[in-house]
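Engineer: After the structure tokens below, expect a handful of questions from me.
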Amino acid sequence: MSLTRLFTITTIVLFALVEVMFARILWDEGRAYRTSAAGLGAIDATRLALVVAEKASFERGPTNGVLGGAPADPVKRAKLTAARAVTDGAIRDLQAAVALAVDLPHRGQASVATRQVQALLAAARADVDRTAAIPKSRRSADRVMGAVHEMFDVIPVAMQAATALSRDAEDVYPQFSDALVAARLAADLREYAGRLGSQFTAALTQQKPLAQRELFQIAAMRGRLDELRQLIALRTQTADTDPRVVVAEEQMERSYFGGGASFIAGVEAASAAHRPYGLDTAQFAARYQPTMASIVHLRDVLIAAAADGARANLAESRRNLVLIALMGGITALAVLAIFLLIRWRVVRPLLETTRVIVDIAQGKLHTEVPHADRSDEIGDMLKAVLTLKTNSIEKQRLERELQVLVDELRSMSTTDFLTGILNRRAFVEAATVQLAGVQRYHWPFALIMFDLDHFKEVNDRFGHEAGDEVLVRIAAIAKRELREGDVLARYGGEEYVVFASHCEPPKADVVSERMRAAIEHAAIAIGGERTVRMTASFGCVTGVGGKAYALENLLQSADRALYAAKDGGRNRVVTEIAIGAPTNAGPANG
């Protein structure tokens with residue numbers, strides 16, 4: 001191994017080892033960064049899904065107001081329209097976030113759930129509008145509560161999207177699992193608090209006491225609320241709980257489980273005592289819904305705590321990524337600088353002269369020879385190298401001239417001097433090679449021979465120069481109509497021959513007919529402004545692969561078909577089927 005190659009390989013190997021090590025570390029850090037970013041995106045998408053559930057639940061307040069009021073109350077209808085617009089905006093925000101979260105495994109599940117929310121919400125709103133259009137005196141409790149329950153059905157589907165997205169976030173950030181689960185529980189708590197209030201819609205609409213069914217539902221809702229309250233406490237009462245969460249939880253206890261629960265109990269007591277409620281559904285919602293804001297606040301604080309932790313993790317991952325990239329770049333530059341220094345100070349003086357000699361020996365005569373202005377052995381060597389280069393340049397010039405002569409002789413031996421296409425000998429060689437492929441690979445083929453009709457008349461009337469122009473033009477027409485890869489040659493005089501592989505019998509007829517028609521319709525210029533028109537007779541022989549064919553037999557068959565075309569009136573195509581010897585050779589495998 002040469003010294004140059006040994007030094008180069010050593011440099012590349014050591015440099016590559018260092019860079020591979022840093023590239024692997026950089027890849028791992030980059031993957032950690034992308035994963036962290038995806039996890040943060042999942043937390044944000046989870047928040048948006050919970051917001052959709054909250055806004056759909058909040059929409060039930062104005063919905064209950066409309067269901068409990070007069071059909072054409074503009075104030076209540078305006079509040080409902082505004083609430084619906086807020087819900088729709090939350091859904092659009094969620095859809096946009098899910099569309100961007102391409103790295104999340106459960107993105108598709110969340111997207112499907114979001115579309116289901118839209119469909120369910122549209123159906124529920126339509127039923128609410130139909131029910132609200134009924135005069136208040138004719139609205140039955142079943143019809144009102146049926147519309148309310150359709151609004152209930154939207155929330156579990158929205159929570160499916162939140163759960164799917166939260167699962168992706170928890171996979172990336174298991175340390176924030178308690179906060180994310182507690183946020184979902186808070187969303188459930190907000191939903192069941194809303195459902196508890198909705199149980200009073202029918203009674204307030206009709207200003208009647210609560211039915212037994214509604215009292216049972218209220219008791220069940222209270223039990224579920226207490227259960228969710230305890231589950232949230234289990235998730236938040238840990239040593240590392242964010243202080244903001246503790247404050248938000250205390251606020252929820254005061255606002256909802258204090259004021260909101262007391263308000264509900266007062267309305268329930270009025271129902272039990274058969275006292276007037278003193279408020280309608282809209283007034284009920286206006287007093288009850290604000291107490292549930294503390295639950296939403298707790299949910300948002302829990303999500304914010306998880307998102308802040310994820311952002312801190314992402315920032316740390318970004319710092320690690322930048323640090324590793326800087327360290328890798330600095331190390332690479334340092335290694336490269338060391339090797340360049342060694343090459344310049346130690347290896348270069350020794351390699352320079354060797355490189356010149358090797359280049360001259362390899363024929364790279366453009367290499368400059370260093371100045372031989374030294375009077376020692378090195379100077380003598382450089383003078384000898386300069387003489388060697390001069391002699392090599394002269395030798396190379398002579399070799400180029402010889403190669404040009406060889407190329408010209410080879411071209412003359414294979415190309416028809418007049419038309420520029422193959423001559424007869426070159427055609428035989430090319431067709432023989434094609435027939436070997438026909439036999440081995442089972443290609444269909446066609447051998448087409450055509451002869452110009454009454455060509456002698458052109459020579460007799462216009463001269464041989466005009467005849468030569470016709471022959472050249474006919475070759476160009478035939479070449480234009482053939483496929484690339486088809487072998488075209490001048491077989492002799494005004495006779496041409498074509499070998500087309502991968503050509504089924506019907507296609508061979510088409511190709512022959514296309515050339516015949518092109519020749520017939522061509523106006524061939526001869527000697528200035530004069531033109532002549534020619535026709536040609538075609539003999540075509542076709543064959544299938546997997547048989548052994550003799551080129552001589554194929555030419556004879558094509559010639560026979562050609563004469564049949566002339567005997568049949570010229571300017572036509574006659575086709576024969578080639579007869580070959582069967583062979584056991586199958587298609588090649590590669």
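Identifiers for the structure tokens are assigned positionally: chains receive A, B, ... in sequence, residues are indexed from 1 per chain, and ligands are indexed from 1 in the order shown.
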Going by DSSP on the backbone, which bits of segment 281-497 of chain A are helix (DSSP H, G or I)? Write them as a PyMOL selection string, please.
Structural biologist: chain A and resi 281-361+377-414+424-441+455-462+464-481
Engineer: What's the 12 Å shell around Asp171 of chain A, counting only C-alpha atoms, without same-chain residues fewer than 3 positions away, as a compact mmCIF listing (two decimals) with N, CA and C atoms, in the first residue's frame?
Structural biologist:
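Full text of selection-v7.txt as output:
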```txt
# COMPACT_ATOMS: atom_id res chain seq x y z
N THR A 35 -38.87 13.84 20.32
CA THR A 35 -39.86 13.18 21.17
C THR A 35 -40.41 14.15 22.21
N SER A 36 -39.51 14.96 22.80
CA SER A 36 -39.96 15.94 23.79
C SER A 36 -40.92 16.95 23.17
N ALA A 38 -42.79 16.46 20.53
CA ALA A 38 -44.06 15.78 20.25
C ALA A 38 -44.89 15.63 21.52
N GLY A 39 -44.21 15.33 22.66
CA GLY A 39 -44.92 15.21 23.93
C GLY A 39 -45.55 16.51 24.36
N LEU A 40 -44.82 17.62 24.17
CA LEU A 40 -45.38 18.93 24.50
C LEU A 40 -46.58 19.25 23.60
N ALA A 42 -48.54 17.02 22.35
CA ALA A 42 -49.64 16.17 22.82
C ALA A 42 -50.32 16.78 24.03
N ILE A 43 -49.52 17.40 24.94
CA ILE A 43 -50.11 18.06 26.11
C ILE A 43 -51.01 19.21 25.67
N LEU A 104 -47.61 11.80 16.58
CA LEU A 104 -48.33 11.17 17.70
C LEU A 104 -48.97 9.86 17.25
N PRO A 105 -48.74 8.76 17.99
CA PRO A 105 -49.30 7.46 17.60
C PRO A 105 -50.83 7.44 17.55
N HIS A 106 -51.49 8.17 18.47
CA HIS A 106 -52.95 8.13 18.55
C HIS A 106 -53.60 9.32 17.85
N ALA A 164 -56.92 9.86 24.25
CA ALA A 164 -55.94 9.37 23.28
C ALA A 164 -54.71 10.27 23.24
N LEU A 165 -54.94 11.58 23.20
CA LEU A 165 -53.81 12.53 23.14
C LEU A 165 -53.03 12.53 24.45
N SER A 166 -53.76 12.43 25.56
CA SER A 166 -53.09 12.39 26.86
C SER A 166 -52.22 11.15 27.00
N ARG A 167 -52.67 10.03 26.43
CA ARG A 167 -51.88 8.81 26.48
C ARG A 167 -50.54 9.01 25.76
N ASP A 168 -50.57 9.70 24.62
CA ASP A 168 -49.32 10.00 23.92
C ASP A 168 -48.41 10.87 24.77
N PRO A 174 -43.87 10.37 31.50
CA PRO A 174 -44.56 9.61 32.56
C PRO A 174 -44.55 10.35 33.90
N GLN A 175 -43.56 11.24 34.09
CA GLN A 175 -43.49 11.97 35.36
C GLN A 175 -44.63 12.96 35.53
N PHE A 176 -45.30 13.30 34.42
CA PHE A 176 -46.44 14.22 34.50
C PHE A 176 -47.77 13.48 34.36
N SER A 177 -47.73 12.19 34.53
CA SER A 177 -48.95 11.39 34.36
C SER A 177 -50.02 11.78 35.37
N LEU A 180 -51.72 14.99 34.29
CA LEU A 180 -52.57 14.83 33.11
C LEU A 180 -53.84 14.05 33.44
```
Engineer: Leaving out Lys136 of chain A and any residue of its chain fewer than 6 positions from it, which residues lie within 12 Å of it when counting only C-alpha atoms, given as a list in words?
Structural biologist: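 Counting only the stated atoms, we get Gly65, Val66, Leu67, Gly68, Gly69, Ala70, Pro71, Ala72, Asp73, Arg143, Val144, Ala202, Leu204, Thr205, Gln206 and Gln207 of chain A.
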Engineer: Please produce an output containing N, CA and C atoms for each residue in the selection, written as a compact mmCIF listing (two decimals), in the first residue's frame.
Structural biologist:
```txt
# COMPACT_ATOMS: atom_id res chain seq x y z
N GLY A 65 -81.38 27.51 28.97
CA GLY A 65 -82.14 28.76 29.02
C GLY A 65 -83.13 28.86 27.88
N VAL A 66 -82.71 28.47 26.67
CA VAL A 66 -83.60 28.51 25.51
C VAL A 66 -84.71 27.47 25.67
N LEU A 67 -84.36 26.28 26.14
CA LEU A 67 -85.37 25.23 26.30
C LEU A 67 -86.40 25.60 27.36
N GLY A 68 -86.00 26.42 28.33
CA GLY A 68 -86.94 26.78 29.40
C GLY A 68 -87.63 28.10 29.17
N GLY A 69 -87.35 28.79 28.06
CA GLY A 69 -87.94 30.09 27.81
C GLY A 69 -88.90 30.09 26.64
N ALA A 70 -89.32 31.30 26.30
CA ALA A 70 -90.24 31.46 25.17
C ALA A 70 -89.50 31.15 23.87
N PRO A 71 -90.21 30.67 22.84
CA PRO A 71 -89.54 30.29 21.58
C PRO A 71 -88.79 31.44 20.92
N ALA A 72 -89.23 32.65 21.08
CA ALA A 72 -88.62 33.75 20.33
C ALA A 72 -87.89 34.74 21.24
N ASP A 73 -87.35 34.28 22.38
CA ASP A 73 -86.63 35.16 23.30
C ASP A 73 -85.29 35.53 22.68
N ARG A 143 -89.48 15.54 26.25
CA ARG A 143 -88.91 16.15 25.05
C ARG A 143 -87.74 17.07 25.43
N VAL A 144 -87.91 17.83 26.51
CA VAL A 144 -86.85 18.73 26.95
C VAL A 144 -85.62 17.95 27.38
N ALA A 202 -86.03 20.52 33.12
CA ALA A 202 -87.46 20.25 32.89
C ALA A 202 -88.32 20.83 34.00
N LEU A 204 -87.64 23.36 36.03
CA LEU A 204 -87.68 24.82 35.97
C LEU A 204 -88.47 25.30 34.77
N THR A 205 -88.41 24.55 33.65
CA THR A 205 -89.18 24.94 32.46
C THR A 205 -90.67 24.93 32.77
N GLN A 206 -91.12 23.86 33.45
CA GLN A 206 -92.55 23.71 33.75
C GLN A 206 -92.93 24.27 35.13
N GLN A 207 -91.88 24.74 35.89
CA GLN A 207 -92.11 25.25 37.25
C GLN A 207 -92.89 24.23 38.09
```
Engineer: Using only C-alpha atoms, determine which residues lie at most 10 Å from Val86 of chain A, disregarding the query and same-chain residues fewer than 2 positions distant; provide the list as an NGL selection string.
Structural biologist: :A and (52 or 55-56 or 58-59 or 80-84 or 88-92)
Engineer: From the list A:Val438, A:Ala265, A:Leu555, A:Val13, which residue is nearest Tyr491 of chain A when using only C-alpha atoms?
Structural biologist: A:Leu555
Engineer: So which residues of segment 541-589 of chain A fall under strand (DSSP E or B) by DSSP, listed as a PyMOL selection string?
Structural biologist: chain A and resi 541-543+547-548+573-577+581-582
Engineer: If we count only C-alpha atoms and set the cut-off at 12 Å, which residues sit around Gly223 of chain A, ignoring sequence neighbours fewer than 4 positions away in its own chain? Please answer as an MDAnalysis selection string.
Structural biologist: chainID A and resid 189 192:193 196 216:219 227:230
Engineer: Using only C-alpha atoms, find the one residue out of A:Leu435, A:Val544, A:Ile360, A:Ala518 that sits nearest to Ile474 of chain A.
Structural biologist: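 Looking only at the distances to Ile474 of chain A, the closest residue turns out to be A:Ala518.
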Engineer: Excluding Arg190 of chain A and its own-chain neighbours fewer than 6 positions away, which residues fall within 10 Å of it when counting only C-alpha atoms? Please give them as a PyMOL selection string.
Structural biologist: chain A and resi 53-54+57-58+184+196+225+228+256+289+292-296+299
Engineer: What is the distance between atom CA of Asp44 of chain A and atom CA of Ser255 of chain A, in Å to one decimal?
Structural biologist: 26.5 Å
Engineer: Rounded to one decimal in Å, what is the spacing between atom CA of Lys566 of chain A and atom CA of His454 of chain A?
Structural biologist: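 A separation of 10.5 Å between them.
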Engineer: Which of these, A:Arg490, A:Arg473, A:Arg107, A:Arg235, has the shortest distance to Ile524 of chain A once you count only C-alpha atoms?
Structural biologist: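 Result for the nearest residue to Ile524 of chain A: A:Arg473.
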Engineer: Applying 8 Å and only C-alpha atoms, which residues near segment 322-336 of chain A remain after dropping the ones on its own chain fewer than 3 positions away? List them as a ChimeraX atom specification.
Structural biologist: /A:15,18-19,22-23,25-26,318-319,339-340
Engineer: Convert the current residue selection to file output with N, CA and C atoms, as a PDB file, in the first residue's frame.
Structural biologist:
```
ATOM      1  N   PHE A  15     -10.911   9.954  11.601  1.00  0.00           N
ATOM      2  CA  PHE A  15     -11.897  11.033  11.541  1.00  0.00           C
ATOM      3  C   PHE A  15     -13.317  10.467  11.559  1.00  0.00           C
ATOM      4  N   VAL A  18     -14.373   9.224  15.069  1.00  0.00           N
ATOM      5  CA  VAL A  18     -14.752  10.326  15.949  1.00  0.00           C
ATOM      6  C   VAL A  18     -16.122  10.878  15.562  1.00  0.00           C
ATOM      7  N   GLU A  19     -16.317  11.053  14.252  1.00  0.00           N
ATOM      8  CA  GLU A  19     -17.578  11.640  13.797  1.00  0.00           C
ATOM      9  C   GLU A  19     -18.762  10.699  13.988  1.00  0.00           C
ATOM     10  N   PHE A  22     -19.825  10.968  17.591  1.00  0.00           N
ATOM     11  CA  PHE A  22     -20.596  12.180  17.848  1.00  0.00           C
ATOM     12  C   PHE A  22     -21.919  12.173  17.086  1.00  0.00           C
ATOM     13  N   ALA A  23     -21.923  11.587  15.885  1.00  0.00           N
ATOM     14  CA  ALA A  23     -23.178  11.523  15.121  1.00  0.00           C
ATOM     15  C   ALA A  23     -24.215  10.677  15.848  1.00  0.00           C
ATOM     16  N   ILE A  25     -24.356  10.160  19.116  1.00  0.00           N
ATOM     17  CA  ILE A  25     -24.824  10.933  20.267  1.00  0.00           C
ATOM     18  C   ILE A  25     -25.778  12.035  19.814  1.00  0.00           C
ATOM     19  N   LEU A  26     -25.408  12.698  18.710  1.00  0.00           N
ATOM     20  CA  LEU A  26     -26.259  13.763  18.186  1.00  0.00           C
ATOM     21  C   LEU A  26     -27.608  13.227  17.726  1.00  0.00           C
ATOM     22  N   ARG A 318     -32.906  20.693  24.176  1.00  0.00           N
ATOM     23  CA  ARG A 318     -32.348  21.589  23.152  1.00  0.00           C
ATOM     24  C   ARG A 318     -30.923  21.997  23.517  1.00  0.00           C
ATOM     25  N   ARG A 319     -30.695  22.307  24.793  1.00  0.00           N
ATOM     26  CA  ARG A 319     -29.339  22.663  25.228  1.00  0.00           C
ATOM     27  C   ARG A 319     -28.365  21.515  25.004  1.00  0.00           C
ATOM     28  N   PHE A 339      -4.236  16.504  11.654  1.00  0.00           N
ATOM     29  CA  PHE A 339      -3.825  15.709  10.502  1.00  0.00           C
ATOM     30  C   PHE A 339      -3.292  16.590   9.368  1.00  0.00           C
ATOM     31  N   LEU A 340      -3.882  17.777   9.172  1.00  0.00           N
ATOM     32  CA  LEU A 340      -3.368  18.688   8.147  1.00  0.00           C
ATOM     33  C   LEU A 340      -1.961  19.168   8.486  1.00  0.00           C
TER      34      LEU A 340
END
```
Engineer: So, with only C-alpha atoms as the atoms that count, which of A:Thr575, A:Thr390, A:Ser198, A:Ser375 lies closest to Thr281 of chain A?
Structural biologist: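 For Thr281 of chain A, the nearest of the candidates is A:Ser198.
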Engineer: Just checking: using only C-alpha atoms, which residue out of A:Lys208, A:Arg287, A:Val574, A:Thr236 ends up closest to Ala270 of chain A?
Structural biologist: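 Ranked by minimum distance to Ala270 of chain A, first place goes to A:Lys208.
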Engineer: Check the smallest atom-to-atom distance from each of A:Asp486, A:Glu520, A:Glu401, A:Asp468 to Ala446 of chain A using only C-alpha atoms, then report the winner.
Structural biologist: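 Once distances to Ala446 of chain A are computed over only C-alpha atoms, the minimum belongs to A:Asp486.
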